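Student: My structure is in my_file.cif, and what it holds is mmCIF, C-alpha atoms:
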data_work
#
loop_
_atom_site.label_atom_id
_atom_site.label_comp_id
_atom_site.auth_asym_id
_atom_site.auth_seq_id
_atom_site.Cartn_x
_atom_site.Cartn_y
_atom_site.Cartn_z
CA MET A 1 11.91 -18.50 4.37
CA TYR A 2 13.43 -15.32 5.68
CA PHE A 3 13.30 -11.78 4.44
CA LYS A 4 16.26 -9.56 3.77
CA PHE A 5 15.59 -5.88 3.22
CA ASP A 6 17.70 -3.11 1.72
CA GLU A 7 17.04 0.48 0.79
CA GLU A 8 17.00 0.12 -2.98
CA LYS A 9 13.25 -0.26 -3.27
CA PRO A 10 10.14 0.51 -1.25
CA LEU A 11 9.64 -2.00 1.53
CA TYR A 12 6.24 -3.16 0.24
CA LEU A 13 7.77 -4.05 -3.14
CA GLN A 14 10.54 -5.98 -1.44
CA ILE A 15 8.00 -7.95 0.55
CA ALA A 16 6.08 -8.81 -2.63
CA GLN A 17 9.28 -9.75 -4.47
CA GLN A 18 10.62 -11.95 -1.75
CA ILE A 19 7.40 -13.91 -1.47
CA GLU A 20 7.52 -14.28 -5.27
CA ASP A 21 11.10 -15.56 -4.97
CA ALA A 22 9.96 -18.14 -2.44
CA ILE A 23 7.13 -19.30 -4.71
CA LEU A 24 9.49 -19.48 -7.69
CA GLN A 25 11.99 -21.53 -5.71
CA GLY A 26 9.21 -23.88 -4.64
CA ILE A 27 9.46 -23.02 -0.96
CA TYR A 28 5.71 -22.36 -1.14
CA LYS A 29 3.85 -24.68 -3.51
CA PRO A 30 0.40 -24.20 -5.03
CA GLY A 31 -2.17 -24.42 -2.24
CA ASP A 32 0.39 -23.70 0.49
CA GLN A 33 -0.32 -21.06 3.04
CA ILE A 34 2.15 -18.18 3.12
CA PRO A 35 3.07 -16.31 6.32
CA SER A 36 0.32 -13.96 7.48
CA THR A 37 0.56 -10.19 7.45
CA THR A 38 0.49 -10.35 11.24
CA GLU A 39 3.47 -12.70 11.41
CA VAL A 40 5.62 -10.84 8.89
CA SER A 41 4.76 -7.52 10.45
CA LYS A 42 5.56 -8.62 13.98
CA ASP A 43 8.67 -10.65 13.20
CA TYR A 44 10.25 -7.91 11.10
CA ARG A 45 8.84 -4.91 13.05
CA ILE A 46 7.21 -3.50 9.94
CA ASN A 47 4.01 -1.45 9.90
CA PRO A 48 1.16 -3.85 9.01
CA ALA A 49 -0.12 -1.44 6.33
CA THR A 50 3.22 -1.80 4.51
CA VAL A 51 3.11 -5.60 4.66
CA LEU A 52 -0.50 -5.62 3.49
CA LYS A 53 0.41 -3.38 0.55
CA GLY A 54 3.05 -5.92 -0.48
CA MET A 55 0.64 -8.83 -0.14
CA ASN A 56 -2.00 -6.98 -2.14
CA ILE A 57 0.39 -6.64 -5.08
CA LEU A 58 0.52 -10.45 -5.20
CA VAL A 59 -3.25 -10.79 -4.75
CA ASN A 60 -3.80 -8.40 -7.67
CA LYS A 61 -1.39 -10.42 -9.83
CA ASN A 62 -3.38 -13.52 -8.86
CA LEU A 63 -0.29 -15.17 -7.38
CA ILE A 64 -1.84 -15.59 -3.96
CA GLU A 65 -5.45 -15.66 -2.86
CA LYS A 66 -7.19 -14.74 0.33
CA LYS A 67 -9.36 -17.35 2.01
CA ARG A 68 -11.59 -15.60 4.45
CA GLY A 69 -10.69 -16.39 8.03
CA LEU A 70 -7.91 -18.76 6.99
CA GLY A 71 -5.15 -16.65 5.45
CA MET A 72 -3.29 -16.26 2.17
CA PHE A 73 -2.62 -19.22 -0.13
CA VAL A 74 -0.49 -19.75 -3.24
CA THR A 75 -2.63 -20.09 -6.38
CA GLN A 76 -2.34 -23.01 -8.82
CA ASP A 77 -0.38 -21.44 -11.68
CA SER A 78 1.59 -18.89 -9.71
CA GLN A 79 4.99 -20.53 -10.11
CA THR A 80 4.68 -20.74 -13.91
CA GLU A 81 3.41 -17.19 -14.10
CA ILE A 82 6.29 -15.82 -12.07
CA LEU A 83 8.75 -17.80 -14.18
CA GLU A 84 7.31 -16.57 -17.49
CA ASN A 85 7.11 -13.02 -16.25
CA ARG A 86 10.70 -13.02 -15.09
CA GLN A 87 11.89 -14.62 -18.33
CA THR A 88 10.20 -11.81 -20.24
CA ASN A 89 11.86 -9.19 -18.07
CA PHE A 90 15.27 -10.86 -18.01
CA TYR A 91 16.55 -8.74 -20.90
CA THR A 92 15.68 -5.37 -19.31
CA ASP A 93 16.41 -6.46 -15.75
CA TYR A 94 19.78 -8.13 -16.28
CA VAL A 95 21.12 -8.27 -19.85
CA LEU A 96 21.19 -4.53 -20.52
CA ASP A 97 22.93 -3.90 -17.23
CA THR A 98 25.50 -6.63 -17.82
CA VAL A 99 26.27 -5.28 -21.30
CA LYS A 100 26.68 -1.79 -19.91
CA ARG A 101 29.10 -2.97 -17.23
CA ALA A 102 31.02 -5.05 -19.79
CA GLN A 103 31.39 -2.02 -22.03
CA GLU A 104 32.69 0.06 -19.13
CA LEU A 105 35.44 -2.55 -18.73
CA ASN A 106 36.15 -2.80 -22.49
CA ILE A 107 34.88 -6.37 -22.62
CA ASN A 108 33.64 -6.93 -26.18
CA LEU A 109 30.71 -9.06 -27.34
CA ASN A 110 32.88 -12.04 -28.14
CA GLU A 111 34.59 -11.98 -24.75
CA LEU A 112 31.25 -11.53 -22.97
CA GLN A 113 29.76 -14.49 -24.83
CA ASN A 114 32.75 -16.60 -23.78
CA LEU A 115 32.29 -15.51 -20.17
CA ILE A 116 28.62 -16.45 -20.26
CA LYS A 117 29.53 -19.83 -21.75
CA LYS A 118 32.10 -20.34 -19.01
CA GLY A 119 29.45 -19.48 -16.43
CA TYR A 120 27.13 -22.13 -17.85
CA GLU A 121 29.89 -24.76 -17.90
CA ASN A 122 30.74 -24.12 -14.27
CA GLU A 123 27.16 -24.74 -13.20
CA MET B 1 -13.90 7.51 11.98
CA SER B 2 -12.34 8.87 15.12
CA LYS B 3 -9.85 11.70 14.62
CA ILE B 4 -7.96 14.47 16.33
CA GLN B 5 -7.87 17.79 14.51
CA ILE B 6 -5.49 20.60 15.21
CA ILE B 7 -6.89 23.81 13.84
CA ASP B 8 -4.82 26.99 13.40
CA ILE B 9 -2.83 26.43 16.56
CA ASN B 10 -0.34 29.03 17.76
CA LYS B 11 1.66 28.86 20.94
CA SER B 12 3.87 31.59 22.33
CA TYR B 13 5.87 31.88 25.52
CA GLY B 14 6.19 35.63 25.91
CA LYS B 15 7.82 36.83 22.72
CA LYS B 16 8.88 33.33 21.70
CA HIS B 17 6.54 31.99 19.04
CA VAL B 18 7.10 28.22 19.28
CA LEU B 19 4.22 26.87 17.20
CA LYS B 20 2.99 28.74 14.15
CA ASN B 21 -0.36 28.12 12.45
CA ILE B 22 -0.37 24.37 12.91
CA ASN B 23 -3.08 22.43 11.07
CA LEU B 24 -2.98 18.66 11.34
CA THR B 25 -5.26 15.66 11.47
CA PHE B 26 -4.47 12.44 13.29
CA GLU B 27 -6.63 9.66 11.93
CA GLU B 28 -7.59 6.52 13.79
CA ASN B 29 -5.52 3.36 13.59
CA LYS B 30 -2.30 4.70 12.13
CA ILE B 31 1.27 4.89 13.35
CA TYR B 32 2.69 8.36 12.86
CA GLY B 33 6.29 9.48 13.07
CA LEU B 34 6.51 13.01 14.44
CA LEU B 35 9.96 14.31 13.58
CA GLY B 36 11.84 17.50 14.19
CA ARG B 37 15.16 18.72 15.51
CA ASN B 38 15.61 19.67 19.15
CA GLY B 39 13.48 22.70 19.95
CA ALA B 40 11.34 22.40 16.80
CA GLY B 41 8.12 22.24 18.83
CA LYS B 42 7.22 18.53 18.90
CA SER B 43 6.88 18.25 22.65
CA THR B 44 4.94 21.51 22.90
CA LEU B 45 2.51 20.24 20.28
CA MET B 46 1.95 16.99 22.17
CA ASN B 47 1.56 18.87 25.44
CA LEU B 48 -1.17 20.98 23.86
CA ILE B 49 -3.01 17.95 22.49
CA SER B 50 -3.01 16.28 25.90
CA ASN B 51 -3.98 19.46 27.79
CA ARG B 52 -0.77 19.74 29.75
CA GLU B 53 -0.51 23.20 28.20
CA PHE B 54 -2.97 25.40 26.36
CA PRO B 55 -2.66 27.05 22.96
CA THR B 56 -2.31 30.80 22.63
CA ASN B 57 -4.98 30.53 19.96
CA GLY B 58 -6.59 27.93 17.76
CA GLU B 59 -8.29 24.73 18.88
CA ILE B 60 -7.82 21.00 19.14
CA THR B 61 -10.78 18.69 18.69
CA LEU B 62 -11.50 15.00 19.07
CA ASN B 63 -14.34 13.98 16.75
CA GLY B 64 -15.37 17.61 16.52
CA GLU B 65 -15.41 18.29 20.28
CA VAL B 66 -12.84 20.69 21.71
CA VAL B 67 -10.53 18.73 24.01
CA THR B 68 -9.74 21.58 26.42
CA GLU B 69 -10.81 20.49 29.89
CA ASN B 70 -13.06 17.89 28.26
CA GLU B 71 -12.63 14.77 30.40
CA LYS B 72 -14.41 12.45 28.02
CA ALA B 73 -12.15 13.46 25.15
CA LEU B 74 -9.02 13.45 27.28
CA SER B 75 -9.64 9.89 28.46
CA GLN B 76 -9.08 8.89 24.81
CA ILE B 77 -5.76 10.75 24.55
CA TYR B 78 -2.62 9.68 26.36
CA LEU B 79 0.79 11.32 26.36
CA SER B 80 3.85 9.51 27.59
CA SER B 81 6.81 11.86 27.86
CA GLU B 82 10.07 12.35 29.65
CA LYS B 83 8.41 14.61 32.17
CA SER B 84 6.14 12.17 33.90
CA LEU B 85 3.33 12.91 36.26
CA PHE B 86 3.81 9.82 38.41
CA ASN B 87 4.43 9.85 42.12
CA HIS B 88 8.14 9.16 42.56
CA ASP B 89 7.62 7.39 45.89
CA ALA B 90 5.05 4.96 44.47
CA LYS B 91 5.96 1.41 43.53
CA ILE B 92 5.55 0.45 39.87
CA LYS B 93 2.61 -1.89 40.58
CA ARG B 94 0.83 0.96 42.37
CA ILE B 95 1.37 3.22 39.34
CA PHE B 96 -0.15 0.58 37.04
CA LYS B 97 -3.19 0.28 39.33
CA THR B 98 -3.62 4.04 39.40
CA ALA B 99 -3.52 4.12 35.60
CA GLU B 100 -6.16 1.38 35.54
CA SER B 101 -8.52 3.28 37.83
CA TYR B 102 -8.00 6.54 35.96
CA TYR B 103 -8.50 5.12 32.44
CA GLY B 104 -11.14 2.54 33.41
CA SER B 105 -9.23 -0.55 32.32
CA PHE B 106 -5.73 -1.92 31.88
CA ASN B 107 -4.45 -4.73 29.67
CA TRP B 108 -2.91 -6.84 32.46
CA LYS B 109 -2.16 -9.73 30.14
CA LEU B 110 0.07 -7.52 28.01
CA ALA B 111 1.50 -5.77 31.07
CA ILE B 112 2.56 -9.07 32.65
CA GLU B 113 4.13 -10.20 29.38
CA MET B 114 6.06 -6.92 29.16
CA ILE B 115 7.08 -7.04 32.84
CA GLU B 116 8.51 -10.52 32.27
CA LYS B 117 10.25 -9.85 28.97
CA PHE B 118 11.73 -6.53 30.11
CA ASP B 119 12.53 -8.00 33.53
CA VAL B 120 10.85 -5.21 35.48
CA ASP B 121 10.80 -5.32 39.29
CA ILE B 122 7.30 -4.05 40.02
CA ASN B 123 8.18 -3.45 43.67
CA SER B 124 10.74 -0.77 42.76
CA LYS B 125 9.84 2.80 43.46
CA PHE B 126 9.33 4.83 40.29
CA GLY B 127 11.74 7.54 41.44
CA LYS B 128 14.57 5.03 41.91
CA LEU B 129 14.49 3.67 38.35
CA SER B 130 17.26 4.14 35.79
CA THR B 131 16.41 6.16 32.67
CA GLY B 132 15.91 2.91 30.75
CA TYR B 133 13.54 1.33 33.26
CA SER B 134 11.68 4.59 33.71
CA SER B 135 11.08 4.55 29.92
CA ILE B 136 10.01 0.90 30.05
CA THR B 137 7.55 1.56 32.88
CA LYS B 138 6.01 4.43 30.93
CA LEU B 139 5.81 2.30 27.79
CA ILE B 140 3.97 -0.46 29.62
CA ILE B 141 1.37 2.06 30.78
CA ALA B 142 1.07 3.63 27.32
CA LEU B 143 0.51 0.25 25.67
CA CYS B 144 -1.85 -1.13 28.32
CA ILE B 145 -4.34 1.69 28.88
CA PRO B 146 -7.43 1.79 26.61
CA ALA B 147 -6.95 5.29 25.05
CA LYS B 148 -7.50 5.56 21.28
CA PHE B 149 -4.71 8.08 20.66
CA ILE B 150 -1.34 7.39 22.22
CA PHE B 151 1.41 9.99 21.97
CA LEU B 152 4.93 8.81 22.76
CA ASP B 153 7.54 11.51 23.22
CA GLU B 154 11.01 9.98 22.87
CA PRO B 155 9.77 6.58 24.06
CA ILE B 156 13.08 4.73 23.84
CA LEU B 157 15.25 7.05 25.90
CA GLY B 158 17.91 5.00 27.68
CA LEU B 159 16.77 1.65 26.24
CA ASP B 160 19.52 -0.69 25.06
CA ALA B 161 19.33 -2.25 21.58
CA ASN B 162 17.66 -5.45 22.83
CA HIS B 163 15.00 -3.55 24.74
CA ARG B 164 14.33 -1.22 21.81
CA ASP B 165 13.78 -4.19 19.55
CA LEU B 166 11.50 -5.76 22.14
CA PHE B 167 9.49 -2.55 22.34
CA TYR B 168 9.03 -2.47 18.53
CA GLU B 169 7.76 -6.04 18.68
CA PHE B 170 5.27 -5.24 21.46
CA LEU B 171 4.15 -2.08 19.68
CA ILE B 172 3.35 -3.96 16.46
CA GLU B 173 1.74 -6.82 18.33
CA THR B 174 -0.61 -4.67 20.39
CA TYR B 175 -1.33 -2.41 17.41
CA GLN B 176 -2.51 -5.43 15.42
CA GLU B 177 -4.52 -6.96 18.22
CA GLN B 178 -6.19 -3.71 19.10
CA PRO B 179 -5.72 -1.05 16.41
CA ARG B 180 -5.40 2.54 17.65
CA THR B 181 -3.34 5.57 16.81
CA PHE B 182 0.25 5.96 17.88
CA VAL B 183 2.16 9.18 17.37
CA VAL B 184 5.85 8.69 18.04
CA ALA B 185 8.22 11.62 18.40
CA THR B 186 11.77 10.36 18.08
CA HIS B 187 15.29 11.15 16.96
CA ILE B 188 15.99 7.48 16.30
CA ILE B 189 14.67 7.70 12.76
CA GLU B 190 16.63 5.01 10.98
CA GLU B 191 15.54 2.35 13.43
CA MET B 192 11.88 3.29 13.59
CA GLU B 193 11.24 4.10 9.93
CA LYS B 194 9.73 0.68 9.18
CA LEU B 195 7.13 1.18 11.92
CA PHE B 196 5.71 4.40 10.50
CA GLU B 197 2.89 4.80 7.99
CA HIS B 198 2.68 8.57 7.98
CA ILE B 199 5.28 11.25 8.68
CA ILE B 200 4.97 14.75 10.10
CA ILE B 201 8.04 16.97 10.18
CA ILE B 202 8.15 20.15 12.23
CA LYS B 203 10.78 22.80 11.69
CA ASP B 204 10.99 26.07 13.62
CA GLY B 205 7.44 25.66 14.90
CA MET B 206 5.90 24.94 11.49
CA VAL B 207 4.73 21.76 9.84
CA ILE B 208 6.87 21.34 6.72
CA ASP B 209 5.81 17.79 5.80
CA ASP B 210 2.61 15.85 6.48
CA VAL B 211 2.71 12.89 4.15
CA ASP B 212 2.41 9.15 3.70
CA LEU B 213 5.90 7.67 4.14
CA ASP B 214 5.90 5.55 0.97
CA GLU B 215 4.58 8.41 -1.10
CA LEU B 216 7.30 10.67 0.27
CA LEU B 217 10.25 8.37 -0.34
CA ASN B 218 8.96 7.19 -3.72
CA SER B 219 9.16 10.79 -4.93
CA CYS B 220 12.63 11.64 -3.62
CA ALA B 221 16.12 10.80 -4.78
CA ILE B 222 19.74 11.38 -3.93
CA ILE B 223 21.83 12.20 -6.99
CA GLU B 224 25.61 12.14 -6.89
CA GLY B 225 28.16 13.25 -9.42
CA SER B 226 30.69 15.95 -10.14
CA GLY B 227 31.35 18.95 -12.35
CA SER B 228 29.03 20.19 -15.03
CA ILE B 229 27.45 16.75 -15.53
CA ILE B 230 25.61 16.92 -12.22
CA ASP B 231 24.85 20.63 -12.58
CA ASN B 232 23.20 20.03 -15.96
CA PHE B 233 21.34 16.98 -14.80
CA THR B 234 19.89 18.62 -11.72
CA LYS B 235 19.28 22.18 -12.91
CA ASP B 236 15.54 21.68 -13.48
CA LEU B 237 14.93 19.45 -10.48
CA ASP B 238 13.23 20.33 -7.22
CA VAL B 239 16.44 20.38 -5.18
CA TYR B 240 15.92 20.97 -1.48
CA TYR B 241 19.40 20.33 -0.14
CA GLU B 242 22.91 19.65 -1.30
CA SER B 243 26.15 18.58 0.27
CA LYS B 244 29.65 17.61 -0.78
CA VAL B 245 31.06 14.14 -0.36
CA ILE B 246 34.68 13.42 -1.29
CA GLY B 247 34.68 16.13 -3.93
CA MET B 248 31.35 15.07 -5.43
CA LYS B 249 28.09 16.89 -5.16
CA ARG B 250 25.24 15.11 -3.45
CA ILE B 251 21.87 16.53 -4.45
CA TYR B 252 18.66 15.83 -2.54
CA ALA B 253 15.64 16.18 -4.84
CA LYS B 254 11.90 16.09 -4.18
CA ASN B 255 9.16 15.42 -6.72
CA PHE B 256 11.65 13.35 -8.66
CA PRO B 257 9.77 11.52 -11.46
CA SER B 258 11.20 8.01 -11.03
CA ILE B 259 14.59 6.53 -10.48
CA SER B 260 15.35 5.41 -14.01
CA ASP B 261 18.56 5.20 -16.02
CA ALA B 262 21.20 7.66 -15.01
CA PRO B 263 23.59 9.19 -17.55
CA ASP B 264 27.25 8.22 -17.21
CA GLY B 265 28.90 9.84 -14.24
CA ILE B 266 25.65 10.24 -12.34
CA ASN B 267 24.50 7.98 -9.56
CA ILE B 268 20.84 8.10 -8.55
CA ARG B 269 19.45 6.27 -5.58
CA ARG B 270 16.49 6.08 -3.29
CA MET B 271 16.88 7.78 0.07
CA ASN B 272 15.79 6.59 3.47
CA LEU B 273 13.77 8.66 5.92
CA GLN B 274 16.77 9.70 7.97
CA GLU B 275 18.56 11.03 4.89
CA TYR B 276 15.42 12.87 3.86
CA PHE B 277 15.03 14.35 7.32
CA VAL B 278 18.65 15.47 7.72
CA GLY B 279 18.60 17.29 4.38
CA ARG B 280 15.18 18.75 4.97
CA THR B 281 15.91 20.15 8.42
CA ASN B 282 19.52 21.25 8.05
#
How does this structure look as structure tokens?
Tutor:
Amino acid sequence: MYFKFDEEKPLYLQIAQQIEDAILQGIYKPGDQIPSTTEVSKDYRINPATVLKGMNILVNKNLIEKKRGLGMFVTQDSQTEILENRQTNFYTDYVLDTVKRAQELNINLNELQNLIKKGYENE
Amino acid sequence: MSKIQIIDINKSYGKKHVLKNINLTFEENKIYGLLGRNGAGKSTLMNLISNREFPTNGEITLNGEVVTENEKALSQIYLSSEKSLFNHDAKIKRIFKTAESYYGSFNWKLAIEMIEKFDVDINSKFGKLSTGYSSITKLIIALCIPAKFIFLDEPILGLDANHRDLFYEFLIETYQEQPRTFVVATHIIEEMEKLFEHIIIIKDGMVIDDVDLDELLNSCAIIEGSGSIIDNFTKDLDVYYESKVIGMKRIYAKNFPSISDAPDGINIRRMNLQEYFVGRTN
């Protein structure tokens, strides 16, 4: 995997989110080791405290676990948990924004529904 | 916990009061960004900490002991600055050996790695080096001596983009292998932001910010908009700077609750450290 950072969010949150993305996409499977704080920090020239803060968010959510002396590993149910969590947040994270943008462009509900349908058919 | 404390420091040159009532603590194993415009007092502060100059009043301590003419304390504090104290006729390898004998040890493994990666000719005389290679030589010493508190004053002067990136990599690597405190004074804020954990900003000889970087940026926002919409939205905010961009107002706010939904016509975004700094010190 690779990381891509922007300025929209704190760096530690972006680190947490991008590792989550990788778990969701199956790049890291349950039991897999994820890159160490040392590696991420060195490769991206980021203060180790920042990287650790990002990793700790995932540890606290039980998505990764620390094995002493070995590193960080993906927990069993992490992929499902991330999926369910993101499904729950889909409405606030994406739908509201899409509706707002549609309204700015005078796209009504019917037209938006058709666009969504078209999007699905193109998949 | 090892720490350097700066207690009620003032420094004047004749009538010029360059540092005013400075109180700061540098904790162990942290990377600090020390920021300020030209002439703000950064270099003077670092010169005082490393005993190259002495305060007009106030004191500086390492673990409670005053550092002034205290050799034990000073062996734990290293300042690398533009004005170097090296013999200009000495070859680079001689300078490294002198540093080793003065500080008691030298990380030759790291030094050799840096010499190779930066392509340093250790038989060159220090005085004949370009600005870039003079900076590189000083960085190698700063990273390879065993001091616990390393102050770097404009460390990347004259370094090209590749060499700057290489320095950041070495800095992180050695910091992880052997944690210690780095205090970096720089104008290259955008590039070095990711390396910092804590930020100190000096303006006109005074410390105006001494804060954890995440905490700082999480509580600030840039708000853009025009007319009465922006005026109404920002009238109760802690605005510390504003500018105009293509007819719109750009407001820099501190203590901003959280970047949530903006009303129509208002754009709110997170700022980076350079944006914060420019507004704060303009």
Student: Could you tell me which residues of chain A sit within 7 Å of chain B when counting all atoms listed in the file, and give me the result as number ranges by chain?
Tutor: A: 7-8, 10, 42, 45-47
Student: Please list as a list in words every residue within 9 Å of region 53-62 of chain A, counting all atoms listed in the file and excluding residues in the same chain fewer than 2 positions away.
Tutor: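 Answer for this query is Leu11, Tyr12, Leu13, Gln14, Ile15, Ala16, Gln17, Ile19, Glu20, Thr37, Pro48, Ala49, Thr50, Val51, Ile64, Glu65, Lys66, Met72, Val74, Thr75, Asp77 and Ser78 of chain A.
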Student: Could you save those same residues with C-alpha atoms as an mmCIF file, in the frame of the given file?
Tutor:
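Done, and the output landed in again-v1.cif:
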data_model
loop_
_atom_site.group_PDB
_atom_site.id
_atom_site.type_symbol
_atom_site.label_atom_id
_atom_site.label_comp_id
_atom_site.auth_asym_id
_atom_site.auth_seq_id
_atom_site.Cartn_x
_atom_site.Cartn_y
_atom_site.Cartn_z
ATOM 1 C CA LEU A 11 9.640 -2.000 1.530
ATOM 2 C CA TYR A 12 6.240 -3.160 0.240
ATOM 3 C CA LEU A 13 7.770 -4.050 -3.140
ATOM 4 C CA GLN A 14 10.540 -5.980 -1.440
ATOM 5 C CA ILE A 15 8.000 -7.950 0.550
ATOM 6 C CA ALA A 16 6.080 -8.810 -2.630
ATOM 7 C CA GLN A 17 9.280 -9.750 -4.470
ATOM 8 C CA ILE A 19 7.400 -13.910 -1.470
ATOM 9 C CA GLU A 20 7.520 -14.280 -5.270
ATOM 10 C CA THR A 37 0.560 -10.190 7.450
ATOM 11 C CA PRO A 48 1.160 -3.850 9.010
ATOM 12 C CA ALA A 49 -0.120 -1.440 6.330
ATOM 13 C CA THR A 50 3.220 -1.800 4.510
ATOM 14 C CA VAL A 51 3.110 -5.600 4.660
ATOM 15 C CA ILE A 64 -1.840 -15.590 -3.960
ATOM 16 C CA GLU A 65 -5.450 -15.660 -2.860
ATOM 17 C CA LYS A 66 -7.190 -14.740 0.330
ATOM 18 C CA MET A 72 -3.290 -16.260 2.170
ATOM 19 C CA VAL A 74 -0.490 -19.750 -3.240
ATOM 20 C CA THR A 75 -2.630 -20.090 -6.380
ATOM 21 C CA ASP A 77 -0.380 -21.440 -11.680
ATOM 22 C CA SER A 78 1.590 -18.890 -9.710
#
Student: If I take CA of Asp210 (chain B) and CA of Lys235 (chain B), how far is one from the other in Å, to one decimal?
Tutor: 26.3 Å
Student: Identify, on the basis of only C-alpha atoms, every residue whose closest approach to Ile246 (chain B) does not exceed 12 Å; exclude the query and any residue fewer than 3 positions from it along the same chain; express the result as a list in words.
Tutor: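 The residues satisfying every condition are Glu224, Gly225, Ser226, Ser243, Lys249 and Arg250 of chain B.
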Student: Once the PyMOL selection byres ((chain B and resi 163) around 12) is applied to the coordinates I shared, what remains selected? I want it as a list in words.
Tutor: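 For this structure, the PyMOL selection byres ((chain B and resi 163) around 12) captures Met114, Ile115, Lys117, Phe118, Asp119, Val120, Gly132, Tyr133, Ser135, Ile136, Leu139, Pro155, Ile156, Leu157, Gly158, Leu159, Asp160, Ala161, Asn162, Arg164, Asp165, Leu166, Phe167, Tyr168, Glu169 and Phe170 of chain B.
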Student: Report as a count of residues only all protein, DNA and RNA residues lying within 12 Å of Ser134 (chain B), evaluated on only C-alpha atoms, omitting residues in the same chain fewer than 3 positions from it.
Tutor: 32
Student: Mind giving me the straight-line distance from CA of Val211 (chain B) to CA of Ile199 (chain B) in Å, one decimal?
Tutor: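 Between CA of Val211 (chain B) and CA of Ile199 (chain B) the gap works out to 5.5 Å.
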Student: Which residues are close to region 4-14 of chain B, i.e. within 10 Å by only C-alpha atoms, leaving aside same-chain residues fewer than 5 positions away? Reply as a PyMOL selection string.
Tutor: chain B and resi 19-28+41+44-45+48-49+53-67+73+77+149+205-206
Student: Identify, on the basis of all atoms listed in the file, every residue whose closest approach to Gly71 (chain A) does not exceed 8 Å; exclude the query and any residue fewer than 3 positions from it along the same chain; express the result as a ChimeraX atom specification.
Tutor: /A:33-34,36,66-68
Student: What is the distance, in Å and to one decimal place, between CA of Ile208 (chain B) and CA of His187 (chain B)?
Tutor: 16.7 Å
